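Step one of this worksheet: look at the structure below.
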Amino acid sequence: MALGISLWCAAALLALGVLAVVLAGQRPATAVIYTASLFLTLGFLANAILHLIANAAPETTILPLGLPWVGAHFRLDALAAVFLIVVNLGAAGASLYGLGYGQHEISPSRVLPFYPVFLAGMNLVVLADDAFSFLLSWEFMSLSSWALVMAHHRLPENRHAGFVYILMASFGTLALLLAFGLLSGPDGNYAFDAIRSVSQAQGAWPVLILVLIGAGSKAGLVPLHVWLPLAHPAAPSHVSALMSGVMTKVAVYAFVRIIFDLGGTPDWWWGLIVLSIGGGTAVMGVLYALMERDLKRVLAYSTIENVGIVFVGLGLSMAFQANALPDAAALAFTAALFHAFNHTLFKSLLFFGAGAVSTATGERNMEHLGGLIHRMPVTSIAVLVGCVAISALPPLNGFASEWLTFQAILLSPELPQWGLKIMVPANGALLALAAALAAACFIRLFGVSFLGRPRTRLAEQAHEIDFWSRTAMAIFAILCLLVGALPGFVIDALAPVVQELTGSHMPSQTIIDWFSIVPIAASRSSYNGLLVLLFIALSAGLTAYLVHLVASKSVRRSAPWDCGFPDPSPITQYSADSFAQPIRRVFGTIVFRVRESVTIPPPGSLGVARFHVELRDLVWDSLYAPISGAVNAAAERLNVLQFLTIRRYLTLVFLALVTLLLVLAIWS
Amino acid sequence: MVLIRELAAQGAQMMLVLLLAPLLTGLIRKVKARLLRRRGPPLIQPYRDLIRLMRKEAVLAVNASWLFRAVPYLVFAATWVAAALVPTFATDLLFSWSADLIAIIALLGSARFFLALAGMDVGTSFGGIGSSREAMIASLAEPAMIMIIFVLALIAGSTQLSIIAEFMLSLAAGLRVSLGLALIALILVAIAENSRIPVDNPATHLELTMVHEAMVLEYSGRHLALIELAASLKLLLYVSLIGCVFVPWGLAPMDSGWNAYVVGVLAYLAKLLCFGVALAIFETSIAKMRVFRVPAFLGAALMLGLLGALLRFVSGSL
């Protein structure tokens, strides 16, 4: 029943894509498409929530679509339901936001047809129950999002982003295809049920590597992340929110589905690999974000950081599972899923905010913004909530999931392997470093673009965004606050999935007094977001009341003090680059080979002093540049083959034939 | 009846930290002055300063936003809540389970987050310099602190501060290498977090060397008073933290009577006195370091914490 409704919703979304083509150029097209998407995704969402809460049995169905005699298998189980909620919550928010934001779109007919199709693709990936439909939906999702990235294709950087994206996406799908090939075994049955029954024993390690490449490149794991900060910001902002907040979660889903569900029991070092990649990704992502000036690219890099945190949780869970510690595995797995859910909330919110800023000012470069808190009050409050949440600060939701991850790390001395004993605390340190740097990153983002004095005329003339966009942002900000105050409800909702995949689940949280959360039943640690929130609100309110009552409440406005030398020019403010300078100097000299140089004119000369910073992206330089160089060089060499005589071509064909025959002869 | 007593103990702790915090600051100033052969301000000078600041009108920059006015209350509230959750004279107070050590440190992180934002609100270069340096210091001090928490939690089996303190009080921990490393790291972090010499100078008047003071440069009147009080509370919090984990003696355990509470308060006062004097002596005997030596200082704390955690992971007895 629930599955049927979901599939009808997906079909309706696909039909909506066609409708958008029909309506192209008509005035109400934007409103029609986004309203319909909003209701369809809400339908999906309600359906999935009901399925999860009822703890219903998995539903399967085979549709006579796709390949003849095979059909397309679909399945709705607890894991799919959780990710359907994540996908459709983000999608519903983006559609609501799009109702207002989409009105400012320059070329709506390049966005509207692909938007519902993209949503349908993501939902079908989650529902697919055989490798063929999975890969087909996966490609649907990749290609439709590629089309959305290319919506503003006249900008050369967007074309570059689209090129890198489609290259990496194809490569990732290839890796997933090979992984499914390995999983399906010699009989080659691609239905997930058959794969499950084949590989219940020890999993095969090439599958892990291939899935890490396939799903990891989509999720943005370092070093496969290069396309992400190019492509996510290039799309319109609500699509950026979907790509960052939701599509990366679909990649996490693919990883979980294949490794945890289909792939059999992991070996202990699988966890080690995933954990270390996650920790490295988290720190690298946030360091990149700190060096960036473009609002949306900062957010895209921060997505990489958060995906890293999710994979730390998944890696820990695999390590615990391999050592038959189901309670700890359940805790780490819950932490990962919870963080994925939280990330969808605050990253969507922040991208909505970035979209609002770029609509209001036409600028995405933080160095050209400033002082928006005075002109965009609602947006700035919403973005502030998002910034606090993503910086993992209590009492908001980001902290609750990071707290669970830390608690999972604290259980890991029980792991017997030496590699894990050393790498787990090291990754704990990386995680803590990433969290602290994320706070710095979002102080910078909010402080430079929303606070201070406007740096350009555009920022000075900004105006608040439309009603729909504000509503979407407000809803997500409230959700961040609610989930932060009452994390126990989300943890309990995740329990069926965790039970299914790790064989255990966290103790029931909502029955604990005052809605505290505890990591495992035996633990004596607890955290209570609701009480912390209440305490802060009460003591701040009480203090403000008493101070105003007893002490003084008079206020005088005057020029800024600035130690007696206030400078009227806004250019003397700290900029995004100068804010990051200490961190650039501490971490960047190693990670980015930063070179800073100052040229000061000789005394008496009236020339300007110049400050020059040189940054190098070592991942690009050491991995991608050689590959693209080799491809170019090979193309250059093989270019000769285009201009041969027919005689030579025939010789080549003959030689190729002989070689192939030789290979065959030797092979057998 | 039990509930009332517990509520009273929790309330007493909240008021105790609030009332003692300026006294600790005054004590350190006094001892530092005596060490320099000055007479120094009286011990109660910080209270007088606070009262005077409270009474004055607040001068706001013309372009200060609502955030600038809300931040002092938020910073004060978050720091106060955090300080009230660290055991001072008794463990297992009524609300001690609502936040563990990770959450307490993260609460201080929230306070810092807002204070750094307030530093950037008016759009002056000094505010920015303070915020940016504070962010750099925090980016190293927070992971170091998390590593210290790992060590303590792995020894005591919980991140709950009351449980850690009771475990330490029971002497079951004994002398351990990892605890020693954690103690050194914790002292380094506490010095950096509280903007003490050699990381920052709380009494500086040279703008370019300021970190914390530069961030709050635009504040005046009641707002400044709250921020100063929050800074004192944070110092008191770290002293209480070191006290309850490493010298837990005198802490009143759960369900103890009034006598134990009195002993606890007296022991706590003695601890504050010792730490205050020690900090003053330390600060007088060392010079402030350049800003870009701070990462090495905090990097050492991070490495010590990580080493302690590694030791705990590879061996249960170290």
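In the structure tokens, the first chain shown is A, the next is B, and so on; residue numbers restart at 1 for each chain, and ligands run from 1 in the order shown.
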So which residues touch Ala330 (chain A) within 7 Å, counting only C-alpha atoms, skipping near sequence neighbours fewer than 3 positions away, as a PyMOL selection string? chain A and resi 317+326-327+333-334+498+502+504-506
Those selected residues, please, written with C-alpha atoms and delivered as a short mmCIF file (atom, residue, chain, number, x, y, z; two decimals), in the first residue's frame.
data_model
loop_
_atom_site.label_atom_id
_atom_site.label_comp_id
_atom_site.auth_asym_id
_atom_site.auth_seq_id
_atom_site.Cartn_x
_atom_site.Cartn_y
_atom_site.Cartn_z
CA SER A 317 29.87 0.90 13.12
CA PRO A 326 26.23 -4.97 18.27
CA ASP A 327 25.31 -2.34 20.88
CA PHE A 333 25.24 3.68 13.06
CA THR A 334 22.51 5.74 14.72
CA VAL A 498 19.46 0.15 13.18
CA THR A 502 23.30 -4.02 13.07
CA SER A 504 20.78 -4.22 17.98
CA HIS A 505 19.50 -0.73 18.66
CA MET A 506 20.01 2.10 21.08
#
Closest atom pairs, residues of chain B within 6 Å of chain A, only C-alpha atoms, as a Markdown table:
| residue | atom | partner | partner_atom | distance |
| --- | --- | --- | --- | --- |
| B:Met54 | CA | A:Ala551 | CA | 5.5 |
| B:Arg55 | CA | A:Ala551 | CA | 5.1 |
| B:Glu57 | CA | A:Ser554 | CA | 5.0 |
| B:Ala58 | CA | A:Val555 | CA | 4.9 |
| B:Val59 | CA | A:Arg556 | CA | 4.7 |
| B:Leu60 | CA | A:Arg557 | CA | 4.8 |
| B:Ala61 | CA | A:Pro560 | CA | 4.5 |
| B:Val62 | CA | A:Arg557 | CA | 5.3 |
| B:Tyr73 | CA | A:Ala540 | CA | 5.2 |
| B:Leu74 | CA | A:Ala540 | CA | 5.8 |
| B:Ala77 | CA | A:Ala540 | CA | 4.9 |
| B:Ala78 | CA | A:Ile536 | CA | 5.7 |
| B:Ser98 | CA | A:Asn528 | CA | 4.7 |
| B:Ala99 | CA | A:Tyr527 | CA | 4.7 |
| B:Ala106 | CA | A:Leu393 | CA | 5.8 |
| B:Ser110 | CA | A:Leu393 | CA | 5.6 |
| B:Leu117 | CA | A:Gly447 | CA | 5.6 |
| B:Met120 | CA | A:Gly447 | CA | 5.7 |
| B:Asp121 | CA | A:Gly452 | CA | 4.6 |
| B:Val122 | CA | A:Gly452 | CA | 4.9 |
| B:Gly123 | CA | A:Gly452 | CA | 3.7 |
| B:Thr124 | CA | A:Gln573 | CA | 5.3 |
| B:Ser125 | CA | A:Gln573 | CA | 4.8 |
| B:Gly128 | CA | A:Tyr574 | CA | 5.1 |
| B:Ser132 | CA | A:Phe579 | CA | 4.9 |
| B:Ala135 | CA | A:Ala440 | CA | 5.2 |
| B:Met136 | CA | A:Ile583 | CA | 5.6 |
| B:Ser139 | CA | A:Ala436 | CA | 4.7 |
| B:Pro143 | CA | A:Ala432 | CA | 4.7 |
| B:Ser158 | CA | A:Ser525 | CA | 5.5 |
| B:Thr159 | CA | A:Ser525 | CA | 5.6 |
| B:Gln160 | CA | A:Ser525 | CA | 5.2 |
| B:Phe313 | CA | A:Pro413 | CA | 5.0 |
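Proximity of A:Phe192, A:Phe467, A:Phe351, A:Phe341 to Asn88 (chain A), computed with only C-alpha atoms, is greatest for A:Phe341.
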Write out as a PyMOL selection string each polymer residue whose atoms come within 12 Å of Phe275 (chain B), counting only C-alpha atoms; drop sequence neighbours fewer than 5 positions from it. chain B and resi 24-25+27-28+31+187+190+235-243+247+268-270+280-283
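Distance-wise, CA of Gly185 (chain A) and CA of Glu139 (chain A) end up 22.9 Å apart.
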Excluding Val151 (chain B) and any residue of its chain fewer than 2 positions from it, enumerate the residues within 7 Å of it, using only C-alpha atoms, and give them as a ChimeraX atom specification. /B:147-149,153-155,178,182,308-309,312
Give me the residues within 8 Å of Ala340 (chain A) as a ChimeraX atom specification, counting only C-alpha atoms and dropping any in the same chain fewer than 4 places off. /A:249,306-307,310,336,344
Could those selected residues go to a file with C-alpha atoms, as a PDB file, in the first residue's frame?
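Final file, out.pdb:
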ATOM      1  CA  LYS A 249      22.432  11.445   1.512  1.00  0.00           C
ATOM      2  CA  ASN A 306      29.674  16.691   7.186  1.00  0.00           C
ATOM      3  CA  VAL A 307      29.772  13.717   4.863  1.00  0.00           C
ATOM      4  CA  VAL A 310      28.764  10.595   8.659  1.00  0.00           C
ATOM      5  CA  ALA A 336      25.765   8.458  11.375  1.00  0.00           C
ATOM      6  CA  THR A 344      19.852  17.753   5.457  1.00  0.00           C
TER       7      THR A 344
END
What's the 12 Å shell around Arg196 (chain B), counting only C-alpha atoms, without same-chain residues fewer than 4 positions away, as a ChimeraX atom specification? /B:25,28-29,187-192,200-204,210-213,231-232,234-235,279-280,282-284,286-289,294
Mind writing the picked residues with C-alpha atoms as a compact mmCIF listing (two decimals), in the first residue's frame?
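And here is the file that came out, selection-v4.txt:
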# COMPACT_ATOMS: atom_id res chain seq x y z
CA THR B 25 39.49 37.49 39.58
CA ILE B 28 44.49 36.90 41.19
CA ARG B 29 44.85 40.64 40.55
CA ILE B 187 46.16 23.46 32.33
CA LEU B 188 47.47 24.60 28.94
CA VAL B 189 43.93 24.67 27.53
CA ALA B 190 42.61 26.50 30.59
CA ILE B 191 45.27 29.19 30.21
CA ALA B 192 44.46 29.67 26.54
CA ASP B 200 46.67 36.67 25.94
CA ASN B 201 46.95 39.43 28.49
CA PRO B 202 43.75 40.22 30.38
CA ALA B 203 45.16 43.59 31.50
CA THR B 204 46.61 44.69 28.20
CA MET B 210 44.68 41.81 22.44
CA VAL B 211 42.48 38.88 21.65
CA HIS B 212 39.59 38.73 24.07
CA GLU B 213 39.73 42.42 24.92
CA ALA B 231 34.84 35.83 31.69
CA SER B 232 35.24 35.51 35.47
CA LYS B 234 34.66 30.86 32.78
CA LEU B 235 37.88 31.12 34.78
CA LEU B 279 47.93 31.17 38.53
CA ALA B 280 49.08 34.59 39.71
CA PHE B 282 52.69 31.58 37.01
CA GLU B 283 51.49 34.68 35.17
CA THR B 284 53.97 36.93 36.93
CA ILE B 286 56.28 34.34 32.39
CA ALA B 287 56.12 36.74 29.45
CA LYS B 288 53.36 36.90 26.86
CA MET B 289 54.19 35.08 23.68
CA VAL B 294 50.17 30.15 20.41
Nearest to Gly180 (chain B): which of B:Gly119, B:Pro198, B:Gly127, B:Gly305 is it, counting only C-alpha atoms? B:Gly305
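CA of Asp129 (chain A) sits 4.9 Å away from CA of His73 (chain A).
Closest approach to Pro248 (chain B) among B:Ile104, B:Leu16, B:Leu171, B:Leu233 is made by B:Leu171 (distances from only C-alpha atoms).
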Close residues, region 233-235 of chain A itself excluded, 12 Å, only C-alpha atoms, min 4 positions apart in chain, as a PyMOL selection string: chain A and resi 105+110-111+114-115+144-163+165+227-229+239-244+294-301+303+351-352+354-355+358+364-365
Please produce a file of those selected residues containing C-alpha atoms, as an mmCIF file, in the first residue's frame.
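Result saved to part_9.cif:
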data_model
loop_
_atom_site.group_PDB
_atom_site.id
_atom_site.type_symbol
_atom_site.label_atom_id
_atom_site.label_comp_id
_atom_site.auth_asym_id
_atom_site.auth_seq_id
_atom_site.Cartn_x
_atom_site.Cartn_y
_atom_site.Cartn_z
ATOM 1 C CA GLU A 105 14.922 32.541 -12.332
ATOM 2 C CA ARG A 110 16.025 25.116 -18.168
ATOM 3 C CA VAL A 111 15.174 24.342 -14.543
ATOM 4 C CA PHE A 114 14.508 18.698 -14.685
ATOM 5 C CA TYR A 115 13.558 19.600 -11.135
ATOM 6 C CA SER A 144 18.924 15.434 -14.260
ATOM 7 C CA SER A 145 21.101 17.130 -11.642
ATOM 8 C CA TRP A 146 23.736 17.669 -14.329
ATOM 9 C CA ALA A 147 21.127 19.401 -16.446
ATOM 10 C CA LEU A 148 20.261 21.596 -13.463
ATOM 11 C CA VAL A 149 23.934 22.431 -12.904
ATOM 12 C CA MET A 150 24.068 23.505 -16.535
ATOM 13 C CA ALA A 151 20.940 25.673 -16.199
ATOM 14 C CA HIS A 152 23.033 28.825 -16.454
ATOM 15 C CA HIS A 153 25.349 27.384 -19.064
ATOM 16 C CA ARG A 154 26.502 30.687 -20.492
ATOM 17 C CA LEU A 155 28.892 31.195 -17.595
ATOM 18 C CA PRO A 156 32.175 29.472 -18.441
ATOM 19 C CA GLU A 157 32.737 28.303 -14.855
ATOM 20 C CA ASN A 158 29.370 26.538 -14.892
ATOM 21 C CA ARG A 159 30.296 24.733 -18.103
ATOM 22 C CA HIS A 160 33.544 23.640 -16.494
ATOM 23 C CA ALA A 161 31.621 22.510 -13.395
ATOM 24 C CA GLY A 162 29.194 20.533 -15.557
ATOM 25 C CA PHE A 163 32.031 18.858 -17.429
ATOM 26 C CA TYR A 165 30.601 16.662 -12.723
ATOM 27 C CA TRP A 227 33.399 18.084 -8.668
ATOM 28 C CA LEU A 228 31.256 18.886 -5.647
ATOM 29 C CA PRO A 229 32.339 22.453 -4.809
ATOM 30 C CA VAL A 239 18.770 22.812 -6.357
ATOM 31 C CA SER A 240 22.105 23.421 -4.591
ATOM 32 C CA ALA A 241 20.284 22.723 -1.349
ATOM 33 C CA LEU A 242 18.943 19.500 -2.829
ATOM 34 C CA MET A 243 22.309 18.412 -4.190
ATOM 35 C CA SER A 244 24.176 19.197 -0.979
ATOM 36 C CA ASP A 294 32.074 32.359 -2.415
ATOM 37 C CA LEU A 295 29.123 31.858 -0.054
ATOM 38 C CA LYS A 296 27.772 28.791 -1.821
ATOM 39 C CA ARG A 297 31.165 27.193 -2.286
ATOM 40 C CA VAL A 298 31.831 27.538 1.449
ATOM 41 C CA LEU A 299 28.597 25.628 2.009
ATOM 42 C CA ALA A 300 29.535 23.005 -0.575
ATOM 43 C CA TYR A 301 32.887 22.393 1.090
ATOM 44 C CA THR A 303 28.987 19.465 2.964
ATOM 45 C CA PHE A 351 21.678 27.119 0.987
ATOM 46 C CA PHE A 352 18.247 28.758 1.104
ATOM 47 C CA ALA A 354 22.698 31.853 0.439
ATOM 48 C CA GLY A 355 20.099 31.918 -2.315
ATOM 49 C CA SER A 358 22.317 36.246 -3.881
ATOM 50 C CA ARG A 364 27.832 35.453 -3.713
ATOM 51 C CA ASN A 365 31.270 36.749 -2.837
#
